[in-house]
Every structure is written in structure tokens, then in C-alpha cells.
>>> print(open('final.txt').read())   # compact mmCIF, C-alpha atoms
# COMPACT_ATOMS: atom_id res chain seq x y z
CA MET S 975 -31.37 57.38 47.88
CA ASN S 976 -34.72 57.11 49.61
CA ALA S 977 -34.64 54.57 52.43
CA HIS S 978 -38.41 54.19 52.84
CA VAL S 979 -39.64 50.62 52.87
CA SER S 980 -41.90 49.56 50.01
CA PRO S 981 -45.38 48.47 51.17
CA ALA S 982 -45.30 45.67 48.60
CA CYS S 983 -41.90 44.36 49.67
CA THR S 984 -42.21 43.67 53.41
CA THR S 985 -43.28 40.01 53.19
CA LEU S 986 -40.22 38.50 51.52
CA SER S 987 -39.20 35.05 52.73
CA ASN S 988 -36.42 32.59 52.03
CA LEU S 989 -35.13 33.32 48.53
CA ALA S 990 -34.09 29.71 48.03
CA SER S 991 -37.68 29.07 46.98
CA LEU S 992 -37.05 31.16 43.84
CA THR S 993 -35.14 28.22 42.42
CA ASN S 994 -37.08 25.44 44.12
CA GLY S 995 -40.44 26.73 42.90
CA PRO S 996 -43.91 26.33 44.43
CA THR S 997 -44.96 22.98 45.88
CA ASN S 998 -48.35 22.85 44.12
CA SER S 999 -48.31 21.17 40.72
CA SER S 1000 -51.13 23.34 39.35
CA GLN S 1001 -53.30 26.28 40.33
CA PRO S 1002 -56.51 27.50 38.65
CA LEU S 1003 -56.29 30.88 36.94
CA PRO S 1004 -59.11 33.32 36.27
CA LEU S 1005 -60.49 33.31 32.74
CA PRO S 1006 -59.61 36.34 30.61
CA ALA S 1007 -63.32 37.17 30.28
CA GLU S 1008 -63.76 37.11 34.07
CA LEU S 1009 -60.85 39.45 34.63
CA ARG S 1010 -61.93 41.78 31.84
CA ARG S 1011 -65.35 42.01 33.48
CA SER S 1012 -64.04 42.59 37.00
CA VAL S 1013 -61.45 45.17 35.85
CA GLY S 1014 -63.44 46.56 32.94
CA ILE S 1015 -62.83 49.39 30.49
CA ASP S 1016 -65.64 51.92 30.17
CA SER S 1017 -66.41 53.73 26.92
CA GLN S 1018 -64.39 56.80 27.85
CA LEU S 1019 -61.24 54.83 28.64
CA ASN S 1020 -61.74 52.66 25.58
CA ALA S 1021 -61.88 55.77 23.38
CA GLN S 1022 -58.76 57.16 25.08
CA ILE S 1023 -56.78 53.98 24.43
CA ALA S 1024 -57.93 53.86 20.80
CA HIS S 1025 -56.82 57.48 20.34
CA GLN S 1026 -53.45 56.79 21.98
CA ARG S 1027 -52.85 53.75 19.78
CA GLN S 1028 -53.54 55.90 16.74
CA ALA S 1029 -51.14 58.57 18.03
CA VAL S 1030 -48.37 55.99 18.45
CA GLN S 1031 -49.04 54.62 14.97
CA ARG S 1032 -49.01 58.09 13.40
CA ILE S 1033 -45.54 58.73 14.80
CA LEU S 1034 -44.29 55.36 13.58
CA ASN S 1035 -45.81 55.99 10.14
CA GLY S 1036 -44.28 59.45 9.81
CA GLN S 1037 -47.58 61.34 10.08
CA ASP S 1038 -46.73 62.98 13.42
CA ASN S 1039 -43.36 64.66 13.97
CA ARG S 1040 -43.32 64.17 17.73
CA LEU S 1041 -40.88 61.77 19.38
CA LEU S 1042 -42.32 58.60 20.90
CA VAL S 1043 -40.67 57.86 24.26
CA VAL S 1044 -41.37 54.55 26.01
CA VAL S 1045 -40.16 55.17 29.55
CA GLY S 1046 -40.51 53.59 32.96
CA PRO S 1047 -39.18 50.90 35.27
CA CYS S 1048 -37.29 47.94 33.85
CA SER S 1049 -39.93 45.84 35.59
CA ILE S 1050 -42.78 46.49 37.99
CA HIS S 1051 -42.43 44.81 41.38
CA ASP S 1052 -44.19 47.37 43.59
CA PRO S 1053 -47.51 48.77 42.30
CA HIS S 1054 -47.41 51.61 44.85
CA ALA S 1055 -44.13 52.93 43.47
CA ALA S 1056 -45.34 52.34 39.90
CA LEU S 1057 -48.39 54.52 40.47
CA GLU S 1058 -46.30 57.27 42.05
CA TYR S 1059 -44.13 57.13 38.95
CA ALA S 1060 -47.24 57.24 36.74
CA ASP S 1061 -48.53 60.34 38.53
CA ARG S 1062 -45.21 62.11 37.93
CA LEU S 1063 -45.04 61.03 34.29
CA ALA S 1064 -48.64 62.09 33.63
CA ALA S 1065 -47.89 65.59 34.94
CA LEU S 1066 -44.69 65.85 32.90
CA SER S 1067 -46.45 64.55 29.78
CA GLU S 1068 -48.72 67.59 29.79
CA GLU S 1069 -45.66 69.87 29.72
CA VAL S 1070 -43.96 68.15 26.78
CA SER S 1071 -46.98 66.90 24.80
CA GLU S 1072 -46.33 69.14 21.79
CA GLN S 1073 -42.91 67.58 21.16
CA LEU S 1074 -43.09 64.13 22.79
CA LEU S 1075 -45.52 61.28 23.31
CA PRO S 1076 -44.47 59.54 26.55
CA VAL S 1077 -45.71 55.97 26.98
CA MET S 1078 -45.20 54.27 30.34
CA ARG S 1079 -43.45 50.93 30.60
CA VAL S 1080 -45.60 48.60 32.70
CA TYR S 1081 -43.54 45.44 32.33
CA VAL S 1082 -45.05 42.58 34.33
CA GLU S 1083 -43.04 39.77 32.68
CA LYS S 1084 -39.25 39.48 32.52
CA PRO S 1085 -37.35 37.03 30.32
CA ARG S 1086 -34.58 35.20 32.15
CA THR S 1087 -31.38 33.85 30.65
CA THR S 1088 -31.48 30.98 33.16
CA VAL S 1089 -33.62 31.41 36.30
CA GLY S 1090 -34.75 34.25 38.52
CA TRP S 1091 -37.76 36.39 39.39
CA LYS S 1092 -40.03 36.38 36.32
CA GLY S 1093 -42.17 39.38 37.06
CA LEU S 1094 -45.27 40.68 38.81
CA ALA S 1095 -47.63 38.47 36.80
CA TYR S 1096 -45.84 35.33 37.98
CA ASP S 1097 -44.66 36.07 41.50
CA PRO S 1098 -46.29 39.21 42.91
CA ASP S 1099 -45.15 38.48 46.49
CA LEU S 1100 -41.48 38.27 45.39
CA ASP S 1101 -40.97 35.12 47.46
CA GLY S 1102 -41.14 32.26 44.95
CA SER S 1103 -44.69 31.31 45.94
CA GLY S 1104 -45.84 31.84 42.35
CA ASP S 1105 -49.30 33.22 43.09
CA MET S 1106 -50.19 33.75 39.43
CA PRO S 1107 -53.93 34.31 39.98
CA LYS S 1108 -53.02 37.27 42.18
CA GLY S 1109 -50.23 38.37 39.83
CA ILE S 1110 -52.38 38.38 36.70
CA SER S 1111 -55.17 40.28 38.46
CA LEU S 1112 -52.74 42.77 39.95
CA SER S 1113 -51.09 43.30 36.55
CA ARG S 1114 -54.41 44.16 34.91
CA GLU S 1115 -55.45 46.40 37.80
CA LEU S 1116 -52.15 48.26 37.59
CA MET S 1117 -52.31 48.77 33.83
CA HIS S 1118 -55.90 49.96 34.19
CA ALA S 1119 -54.86 52.44 36.89
CA VAL S 1120 -52.00 53.78 34.75
CA ALA S 1121 -54.25 54.14 31.70
CA SER S 1122 -56.87 55.86 33.86
CA ARG S 1123 -54.27 58.51 34.65
CA GLY S 1124 -54.25 59.38 30.95
CA LEU S 1125 -51.02 57.59 30.06
CA PRO S 1126 -50.55 55.17 27.17
CA VAL S 1127 -49.37 51.78 28.46
CA ALA S 1128 -46.52 49.66 27.07
CA THR S 1129 -45.37 46.18 27.97
CA GLU S 1130 -43.35 43.27 26.64
CA LEU S 1131 -45.52 40.25 25.88
CA LEU S 1132 -43.50 37.17 26.72
CA GLN S 1133 -46.12 34.47 27.36
CA PRO S 1134 -48.75 34.45 24.55
CA MET S 1135 -51.36 33.00 26.93
CA LEU S 1136 -51.12 36.15 29.07
CA ALA S 1137 -52.02 38.49 26.20
CA PRO S 1138 -55.84 38.08 26.41
CA TYR S 1139 -55.74 39.30 30.01
CA LEU S 1140 -53.99 42.57 29.13
CA ASP S 1141 -53.96 43.46 25.43
CA ASP S 1142 -57.04 45.70 25.44
CA LEU S 1143 -55.15 48.12 27.74
CA LEU S 1144 -51.99 48.39 25.64
CA SER S 1145 -50.94 51.17 23.27
CA TRP S 1146 -47.50 49.75 22.39
CA VAL S 1147 -46.02 46.27 22.70
CA ALA S 1148 -42.45 45.01 22.69
CA ILE S 1149 -41.36 41.62 21.46
CA GLY S 1150 -38.01 41.05 23.11
CA ALA S 1151 -34.62 40.16 21.69
CA ARG S 1152 -34.95 36.54 22.83
CA THR S 1153 -38.39 36.06 21.27
CA THR S 1154 -38.34 38.14 18.07
CA GLU S 1155 -37.35 35.01 16.14
CA SER S 1156 -40.19 32.97 17.68
CA GLN S 1157 -43.00 32.03 15.31
CA LEU S 1158 -45.48 32.09 18.21
CA HIS S 1159 -44.64 35.70 19.03
CA ARG S 1160 -44.79 36.78 15.41
CA GLU S 1161 -48.25 35.23 15.16
CA LEU S 1162 -49.25 36.94 18.41
CA ALA S 1163 -48.05 40.30 17.05
CA SER S 1164 -50.13 39.76 13.91
CA ASP S 1165 -53.25 39.58 16.10
CA LEU S 1166 -52.66 42.77 18.12
CA THR S 1167 -54.26 46.15 17.52
CA ALA S 1168 -51.43 48.02 19.25
CA ALA S 1169 -48.20 48.84 17.44
CA VAL S 1170 -45.42 46.30 18.02
CA GLY S 1171 -41.67 46.90 18.26
CA PHE S 1172 -39.43 43.94 17.45
CA LYS S 1173 -36.02 44.15 19.08
CA ASN S 1174 -32.94 43.05 17.21
CA ALA S 1175 -31.46 39.76 18.41
CA THR S 1176 -29.11 39.64 21.40
CA SER S 1177 -26.33 39.08 18.84
CA GLY S 1178 -27.16 42.47 17.32
CA ASP S 1179 -28.68 40.92 14.19
CA VAL S 1180 -31.36 43.26 12.81
CA GLN S 1181 -32.50 40.89 10.06
CA VAL S 1182 -34.48 38.70 12.48
CA ALA S 1183 -36.52 41.75 13.50
CA ILE S 1184 -37.18 42.60 9.85
CA ASP S 1185 -38.26 39.01 9.22
CA ALA S 1186 -40.59 39.31 12.21
CA MET S 1187 -42.15 42.47 10.79
CA GLN S 1188 -42.83 40.70 7.50
CA ALA S 1189 -44.36 37.72 9.29
CA ALA S 1190 -46.52 39.84 11.60
CA ALA S 1191 -47.95 41.83 8.69
CA HIS S 1192 -49.58 38.69 7.31
CA SER S 1193 -52.64 36.78 8.45
CA HIS S 1194 -52.00 33.52 10.34
CA GLN S 1195 -53.99 30.61 11.66
CA ARG S 1196 -52.76 30.21 15.22
CA PHE S 1197 -53.53 28.27 18.36
CA ALA S 1198 -55.08 30.68 20.84
CA MET S 1199 -57.28 30.89 23.92
CA ASN S 1200 -60.54 32.75 23.70
CA SER S 1201 -61.91 34.95 26.47
CA GLU S 1202 -63.72 31.95 27.99
CA GLY S 1203 -60.48 29.98 28.24
CA ARG S 1204 -61.29 27.60 25.40
CA PRO S 1205 -58.54 26.62 22.93
CA VAL S 1206 -59.41 27.90 19.46
CA MET S 1207 -57.96 28.17 15.99
CA GLN S 1208 -57.75 31.90 15.46
CA GLU S 1209 -57.20 33.64 12.14
CA THR S 1210 -55.31 36.87 12.66
CA ALA S 1211 -55.78 40.01 10.60
CA GLY S 1212 -52.08 40.89 10.31
CA ASN S 1213 -50.50 43.92 11.96
CA PRO S 1214 -49.22 46.70 9.65
CA ASN S 1215 -47.96 48.79 12.58
CA THR S 1216 -44.63 47.17 13.44
CA HIS S 1217 -41.09 48.49 13.59
CA VAL S 1218 -37.52 47.64 14.61
CA VAL S 1219 -36.04 48.47 18.00
CA LEU S 1220 -32.26 48.84 18.01
CA ARG S 1221 -30.95 47.62 21.39
CA GLY S 1222 -27.35 46.68 20.55
CA GLY S 1223 -25.90 43.22 20.84
CA HIS S 1224 -23.13 41.26 22.57
CA GLY S 1225 -22.25 44.32 24.62
CA GLU S 1226 -21.80 46.57 21.58
CA PRO S 1227 -24.09 49.49 20.64
CA ASN S 1228 -25.95 49.89 17.36
CA TYR S 1229 -27.50 53.34 17.73
CA GLN S 1230 -24.77 55.39 16.06
CA ALA S 1231 -25.32 57.05 12.70
CA HIS S 1232 -23.69 54.33 10.58
CA HIS S 1233 -25.72 51.63 12.37
CA VAL S 1234 -28.92 53.59 11.83
CA ARG S 1235 -28.17 54.11 8.13
CA ALA S 1236 -27.49 50.41 7.65
CA ALA S 1237 -30.71 49.41 9.41
CA VAL S 1238 -32.78 51.94 7.43
CA ASN S 1239 -31.32 50.77 4.12
CA THR S 1240 -31.97 47.11 4.97
CA LEU S 1241 -35.55 47.91 5.95
CA ARG S 1242 -36.16 49.83 2.74
CA ASP S 1243 -34.68 47.02 0.66
CA ALA S 1244 -37.12 44.64 2.37
CA GLY S 1245 -40.06 46.97 1.72
CA GLN S 1246 -40.59 47.58 5.45
CA ASN S 1247 -41.18 50.65 7.62
CA PRO S 1248 -37.74 52.32 7.94
CA ARG S 1249 -38.63 54.25 11.10
CA LEU S 1250 -36.77 53.11 14.19
CA MET S 1251 -36.83 53.13 17.95
CA VAL S 1252 -33.54 53.18 19.84
CA ASP S 1253 -33.43 51.41 23.20
CA CYS S 1254 -31.08 53.59 25.24
CA SER S 1255 -30.41 50.76 27.70
CA HIS S 1256 -29.07 47.20 27.34
CA ALA S 1257 -26.09 46.81 25.01
CA ASN S 1258 -26.51 50.34 23.65
CA ALA S 1259 -25.58 51.62 27.10
CA ARG S 1260 -23.02 48.81 27.55
CA LYS S 1261 -25.18 47.71 30.50
CA ASP S 1262 -24.44 50.96 32.36
CA HIS S 1263 -27.72 52.71 33.12
CA ARG S 1264 -25.95 56.04 33.49
CA ARG S 1265 -24.98 55.96 29.80
CA GLN S 1266 -28.62 56.09 28.69
CA SER S 1267 -28.31 59.89 28.71
CA GLU S 1268 -25.36 59.66 26.32
CA VAL S 1269 -27.30 57.41 23.95
CA MET S 1270 -30.38 59.63 24.00
CA LEU S 1271 -28.41 62.80 23.29
CA ASP S 1272 -26.63 61.14 20.35
CA VAL S 1273 -29.97 60.04 18.86
CA LEU S 1274 -31.44 63.51 19.33
CA ALA S 1275 -28.41 65.00 17.55
CA GLN S 1276 -28.96 62.61 14.63
CA ARG S 1277 -32.60 63.59 14.53
CA LYS S 1278 -31.69 67.29 14.63
CA ALA S 1279 -29.25 66.70 11.76
CA GLY S 1280 -32.14 65.51 9.62
CA ASP S 1281 -32.60 61.77 10.18
CA ALA S 1282 -36.38 61.66 10.35
CA ASN S 1283 -36.34 57.86 10.63
CA LEU S 1284 -35.36 58.09 14.30
CA VAL S 1285 -38.85 58.49 15.70
CA ALA S 1286 -38.74 56.76 19.09
CA LEU S 1287 -36.64 56.16 22.20
CA MET S 1288 -36.83 53.80 25.15
CA LEU S 1289 -35.50 54.60 28.63
CA GLU S 1290 -35.35 52.47 31.78
CA SER S 1291 -36.22 54.79 34.63
CA HIS S 1292 -37.58 54.53 38.14
CA LEU S 1293 -38.17 56.83 41.09
CA TYR S 1294 -34.61 56.30 42.36
CA GLU S 1295 -31.41 55.34 40.62
CA GLY S 1296 -29.82 51.90 40.44
CA LYS S 1297 -31.04 48.43 41.29
CA GLN S 1298 -31.33 46.16 44.31
CA ALA S 1299 -31.37 42.45 44.97
CA LEU S 1300 -34.43 40.65 46.26
CA SER S 1301 -33.87 40.33 49.97
CA PRO S 1302 -35.73 39.00 53.02
CA ASN S 1303 -34.93 42.31 54.68
CA ALA S 1304 -36.66 45.63 54.01
CA MET S 1305 -36.20 46.78 50.43
CA ARG S 1306 -35.70 50.31 49.14
CA TYR S 1307 -38.80 51.98 47.78
CA GLY S 1308 -38.82 52.92 44.10
CA VAL S 1309 -35.61 51.06 43.16
CA SER S 1310 -35.54 48.44 40.41
CA VAL S 1311 -35.08 44.73 41.20
CA THR S 1312 -34.02 43.87 37.64
CA ASP S 1313 -31.92 46.17 35.41
CA ALA S 1314 -30.58 49.35 36.95
CA CYS S 1315 -32.57 52.48 36.09
CA VAL S 1316 -31.94 56.20 36.04
CA SER S 1317 -33.73 58.29 38.66
CA TRP S 1318 -36.89 60.31 38.18
CA GLU S 1319 -34.86 63.54 38.42
CA THR S 1320 -32.66 62.36 35.53
CA THR S 1321 -35.71 61.24 33.57
CA GLU S 1322 -37.41 64.60 33.97
CA ARG S 1323 -34.27 66.40 32.82
CA LEU S 1324 -33.86 64.10 29.81
CA LEU S 1325 -37.47 64.41 28.66
CA LYS S 1326 -37.42 68.19 29.00
CA THR S 1327 -34.14 68.27 27.06
CA ALA S 1328 -35.67 66.09 24.37
CA ALA S 1329 -38.69 68.38 24.14
CA GLU S 1330 -36.44 71.45 23.78
CA ARG S 1331 -34.39 69.82 21.02
CA MET S 1332 -37.48 68.65 19.17
CA SER S 1333 -38.92 72.20 19.13
>>> encode(input="final.txt", output="C-alpha cells")
Amino acid sequence: MNAHVSPACTTLSNLASLTNGPTNSSQPLPLPAELRRSVGIDSQLNAQIAHQRQAVQRILNGQDNRLLVVVGPCSIHDPHAALEYADRLAALSEEVSEQLLPVMRVYVEKPRTTVGWKGLAYDPDLDGSGDMPKGISLSRELMHAVASRGLPVATELLQPMLAPYLDDLLSWVAIGARTTESQLHRELASDLTAAVGFKNATSGDVQVAIDAMQAAAHSHQRFAMNSEGRPVMQETAGNPNTHVVLRGGHGEPNYQAHHVRAAVNTLRDAGQNPRLMVDCSHANARKDHRRQSEVMLDVLAQRKAGDANLVALMLESHLYEGKQALSPNAMRYGVSVTDACVSWETTERLLKTAAERMS
């Protein structure tokens, strides 16, 4: 384990403030249009992102036989470590590009069961101060930097009001297990250009994700915020590029062959895209990050045996293995502060193994 101190993690203060919250009742935020101008996308990057979105969609629609792999830290708390990870992933992507399409997780929001650190966009200084103007700007800058390295960017969109700050940089979006059933998130998904993966519920129920796909495919009139920060009634186009993410439920996995067959049959009966992503973490790994390898190898074996509906995987991975608690003392560089992750060395081995087995 690397003992270097993270540059972004040396200003931690009393963690009691994480539950007490900031003292200010409100704080002005930048407008989406302002942030899009200050951290803009030039024509070359815009074309790259459009191409990468199409590549993701072709895999999910069965037009590209490569395996989509959404991989990266459970959450981003240190942009320096995130960019080191991005540099390594970009180099590896070139080696495996004929068999895999790696997409980097740049998760700047984290859903909480009760309370806790909610992510880079909300609390970039990790001290409960809640400097959201800084967090939102830093999140966009980081996603821009990752995309500029040639990598497709993925995130989970938790707060619909955050989407206008980030969505033009995204190639794949997750709607999480806690929010798949939310009408607001289904409407948000229907307005996105990027492909969207709906996770099954925390109970393991896949039907709510299928319902979400059906809802997101349709046009909606929704409350939204335009780029100038004005509330508007927005009519969405509907998103045809959605799919189910199997992540297990109540501590039990749902990636095994009989689970996959059941999900595929239910999707076909509903007239929906039967192609699936398997989240190798969470309940599928029984909350043991080291079992992600086991899950991935099982899915690859199913794919090798002829199940072409298994088109995508998700891995939680960082520079170094494990996780750490937020602490006022020096923190370990490149180690997750939310779910435990596998190390970069393990990630590299797994992606190269996947590429070999997809050949």
C-alpha cells in the first residue's frame, strides 16, 4: 500500500461537521451556462464524445461485439489520483481496444443510506464545509480533463439539477438502485443523449429497471433548469439507448446464468433491449471487493458459452486496494473513501484477461 499523502486530502478538519452541516443557509452557485463557457468543449472534443457515445450505443444495441467495461473509483475524492488513474487507463485502453471499450467512472455524487460524505460535487474539501460552487466546478474540470485524455466518461446522476453542468461530457450514465424507481430520474434519463443504465432495485427486483427503461423511452414534460438557471417546462425527446444493470440485491448476487436468463426473458417479454451489464461489485460481490474478479470471470465464461446478451461489465477500481475512512490525519493516496476497490494491478490483469477471452 502506498503511504504517500494525497495533495487533495491534507486540509481535513473536525469530522463532526459532516453531520452538523455548513452554517450558511444558502450559497450562490454558478449557472450551467457560465460553467460550460469557462470549461468549454471545443469542436474536436465534441466530435470525440459524440463518437464515443455512438460506440457505447452500438455495443448495447448488438452492433459491436466488443465488451463495454465501466471501470474506475467508487467515487472521486482526489482529482490528482483520478487523473493518474485516467492516464493509466488511457494507455491500457489502446492495448485492448479491439476487444473492449473501457469507460472511466468519474462519480462525483454518492447516494447515502442515511448520512455521510456525498461526493466531490458537494464537499470537495472533505470537511463538511459544503463548498458546492467549488465542487461543481472541480467536477466539470475533472470530467473535461479525463475526456481530453481520450477516455469516455461515466457517472451516476443523482441530483437532476446537477445534470446541466455535466451531461455534455458524458458517454454513459447510471441511474442507481435507490433512484431507478424515481419518476424524476426516469424523466431525466429521457432527456439525455448518452446511454443510460438502470440498476435493479436494492431488493434485487429487476422489474423496476425495466419499467424505468419503458418510461425513459417516451417523451415527457418535465420541470427543468435551462443553461441560464431559469426554471422551464422541458419536453424531452425520449431515450432509446437504455439497459438494465444487474447489481444483486439484499446481499445476494444475480449475475449467474439462471439470473441472466430470467432477466433476458423478462426484458424480451416487455419488448425491451435484452442486453445487460453486470455490476461486479455491490451485492454481486457480497460486498467483498476482492470477489469482483470471480464475478467478472463467471460473466466472461457465460459470454464465451454463447450468451451474447452479456455485453457490459462494471468494476470498482482505484490505484490501490481497499478503502479508508475520512480522517483529520494524512490520508493514503489513491485509496477509496467509499466502497472498497481493487488495485490498479488487479484491474490491469482483469482487463487484459477479458480482452484475451473476448478474442
>>> closest_residue(input="final.txt", among="S:Pro1248, S:Gly1178, S:Pro1047, S:Pro1134", to="S:Gln1157", atoms="only C-alpha atoms")
S:Pro1134
>>> closest_residue(input="final.txt", among="S:Glu1319, S:Glu1058, S:Glu1155, S:Asp1016", to="S:Asp1185", atoms="only C-alpha atoms")
S:Glu1155
>>> closest_residue(input="final.txt", among="S:Leu1019, S:Val1311, S:Val1082, S:Leu1271", to="S:Glu1330", atoms="all atoms listed in the file")
S:Leu1271
>>> atom_distance(input="final.txt", atom1="atom CA of S:Gly1203", atom2="atom CA of S:Leu1009")
11.4 Å
>>> residues_near_point(input="final.txt", point="(-36.1, 38.9, 12.4)", cutoff="10 Å", atoms="only C-alpha atoms", output="compact mmCIF listing (two decimals) with C-alpha atoms, keeping the file's coordinate frame")
# COMPACT_ATOMS: atom_id res chain seq x y z
CA ALA S 1151 -34.62 40.16 21.69
CA THR S 1153 -38.39 36.06 21.27
CA THR S 1154 -38.34 38.14 18.07
CA GLU S 1155 -37.35 35.01 16.14
CA SER S 1156 -40.19 32.97 17.68
CA ARG S 1160 -44.79 36.78 15.41
CA PHE S 1172 -39.43 43.94 17.45
CA LYS S 1173 -36.02 44.15 19.08
CA ASN S 1174 -32.94 43.05 17.21
CA ALA S 1175 -31.46 39.76 18.41
CA ASP S 1179 -28.68 40.92 14.19
CA VAL S 1180 -31.36 43.26 12.81
CA GLN S 1181 -32.50 40.89 10.06
CA VAL S 1182 -34.48 38.70 12.48
CA ALA S 1183 -36.52 41.75 13.50
CA ILE S 1184 -37.18 42.60 9.85
CA ASP S 1185 -38.26 39.01 9.22
CA ALA S 1186 -40.59 39.31 12.21
CA MET S 1187 -42.15 42.47 10.79
CA GLN S 1188 -42.83 40.70 7.50
CA ALA S 1189 -44.36 37.72 9.29
CA VAL S 1218 -37.52 47.64 14.61
>>> atom_distance(input="final.txt", atom1="atom CA of S:Val1252", atom2="atom CA of S:Tyr1229")
6.4 Å
>>> closest_residue(input="final.txt", among="S:Ala1168, S:Ala1286, S:Ala1211, S:Ala1237", to="S:Gln1031", atoms="all atoms listed in the file")
S:Ala1168
>>> atom_distance(input="final.txt", atom1="atom CA of S:Pro1006", atom2="atom CA of S:His1118")
14.6 Å
>>> closest_residue(input="final.txt", among="S:Gly1102, S:Ile1023, S:Asp1313, S:Ala1329", to="S:Asp1142", atoms="only C-alpha atoms")
S:Ile1023
>>> closest_residue(input="final.txt", among="S:Cys1048, S:Ala1163, S:Leu1325, S:Met1270", to="S:Gly1093", atoms="all atoms listed in the file")
S:Cys1048
>>> residues_around(input="final.txt", residues="S:Gln1133", least_positions_apart="2", cutoff="9 Å", atoms="all atoms listed in the file", output="list in words")
Glu1083, Leu1131, Met1135, Leu1136, Ala1137 and His1159 of chain S
>>> residues_near_point(input="final.txt", point="(-37.9, 59.8, 38.3)", cutoff="6 Å", atoms="only C-alpha atoms", output="JSON, numbers by chain")
{"S": [1292, 1293, 1317, 1318, 1319, 1321]}
>>> residues_around(input="final.txt", residues="S:Glu1130", least_positions_apart="4", cutoff="8 Å", atoms="all atoms listed in the file", output="ChimeraX atom specification")
/S:1081-1083,1147-1150
>>> axis_aligned_box(input="final.txt", around="stretch 1066-1080 of chain S", padding_each_side="8 Å", output="lines of an AutoDock Vina configuration file")
center_x = -45.8
center_y = 59.2
center_z = 27.0
size_x = 21.8
size_y = 37.3
size_z = 27.7
>>> closest_atom_pairs(input="final.txt", of="stretch 980-1080 of chain S", to="stretch 1253-1264 of chain S", cutoff="12 Å", atoms="only C-alpha atoms", output="tab-separated table")
residue	atom	partner	partner_atom	distance
S:Leu1042	CA	S:Asp1253	CA	11.7
S:Val1043	CA	S:Asp1253	CA	9.8
S:Val1044	CA	S:Asp1253	CA	9.0
S:Val1045	CA	S:Asp1253	CA	10.0
S:Gly1046	CA	S:Ser1255	CA	11.7
S:Pro1047	CA	S:Ser1255	CA	11.6
S:Cys1048	CA	S:Ser1255	CA	9.6
>>> decode(input="final.txt", residues="stretch 1082-1104 of chain S", atoms="N, CA and C atoms", output="compact mmCIF listing (two decimals), in the first residue's frame")
# COMPACT_ATOMS: atom_id res chain seq x y z
N VAL S 1082 -19.04 11.75 -9.03
CA VAL S 1082 -18.87 12.93 -8.17
C VAL S 1082 -20.04 13.11 -7.22
N GLU S 1083 -21.00 12.20 -7.26
CA GLU S 1083 -22.12 12.17 -6.31
C GLU S 1083 -22.21 10.76 -5.75
N LYS S 1084 -22.54 10.63 -4.48
CA LYS S 1084 -22.73 9.32 -3.86
C LYS S 1084 -24.02 9.31 -3.06
N PRO S 1085 -24.92 8.38 -3.39
CA PRO S 1085 -26.14 8.25 -2.58
C PRO S 1085 -25.80 7.70 -1.20
N ARG S 1086 -26.49 8.18 -0.19
CA ARG S 1086 -26.23 7.73 1.18
C ARG S 1086 -27.51 7.11 1.75
N THR S 1087 -27.35 5.99 2.43
CA THR S 1087 -28.49 5.36 3.08
C THR S 1087 -29.03 6.25 4.19
N THR S 1088 -28.14 6.88 4.94
CA THR S 1088 -28.57 7.84 5.97
C THR S 1088 -27.81 9.15 5.76
N VAL S 1089 -26.61 9.27 6.33
CA VAL S 1089 -25.80 10.48 6.15
C VAL S 1089 -24.38 10.06 5.83
N GLY S 1090 -23.56 11.03 5.46
CA GLY S 1090 -22.17 10.77 5.14
C GLY S 1090 -21.70 11.69 4.04
N TRP S 1091 -20.44 11.53 3.64
CA TRP S 1091 -19.86 12.34 2.58
C TRP S 1091 -20.59 12.06 1.27
N LYS S 1092 -21.07 13.11 0.61
CA LYS S 1092 -21.95 12.93 -0.55
C LYS S 1092 -21.24 13.09 -1.89
N GLY S 1093 -19.94 13.34 -1.86
CA GLY S 1093 -19.22 13.36 -3.10
C GLY S 1093 -18.51 14.67 -3.39
N LEU S 1094 -17.65 14.62 -4.40
CA LEU S 1094 -16.82 15.76 -4.77
C LEU S 1094 -17.65 16.99 -5.12
N ALA S 1095 -18.78 16.80 -5.78
CA ALA S 1095 -19.60 17.94 -6.19
C ALA S 1095 -20.18 18.70 -5.00
N TYR S 1096 -20.34 18.01 -3.88
CA TYR S 1096 -20.98 18.59 -2.70
C TYR S 1096 -19.99 19.08 -1.66
N ASP S 1097 -18.92 18.35 -1.49
CA ASP S 1097 -17.98 18.64 -0.40
C ASP S 1097 -16.56 18.35 -0.85
N PRO S 1098 -16.01 19.16 -1.74
CA PRO S 1098 -14.71 18.85 -2.32
C PRO S 1098 -13.55 18.89 -1.33
N ASP S 1099 -13.72 19.62 -0.21
CA ASP S 1099 -12.65 19.70 0.78
C ASP S 1099 -12.74 18.61 1.83
N LEU S 1100 -13.76 17.74 1.74
CA LEU S 1100 -13.89 16.55 2.59
C LEU S 1100 -14.01 16.90 4.07
N ASP S 1101 -14.51 18.11 4.38
CA ASP S 1101 -14.52 18.54 5.77
C ASP S 1101 -15.90 19.00 6.24
N GLY S 1102 -16.93 18.75 5.43
CA GLY S 1102 -18.27 19.16 5.81
C GLY S 1102 -18.59 20.61 5.52
N SER S 1103 -17.66 21.35 4.92
CA SER S 1103 -17.91 22.77 4.65
C SER S 1103 -18.90 22.97 3.52
N GLY S 1104 -19.09 21.96 2.66
CA GLY S 1104 -20.10 22.03 1.62
C GLY S 1104 -19.88 23.13 0.61
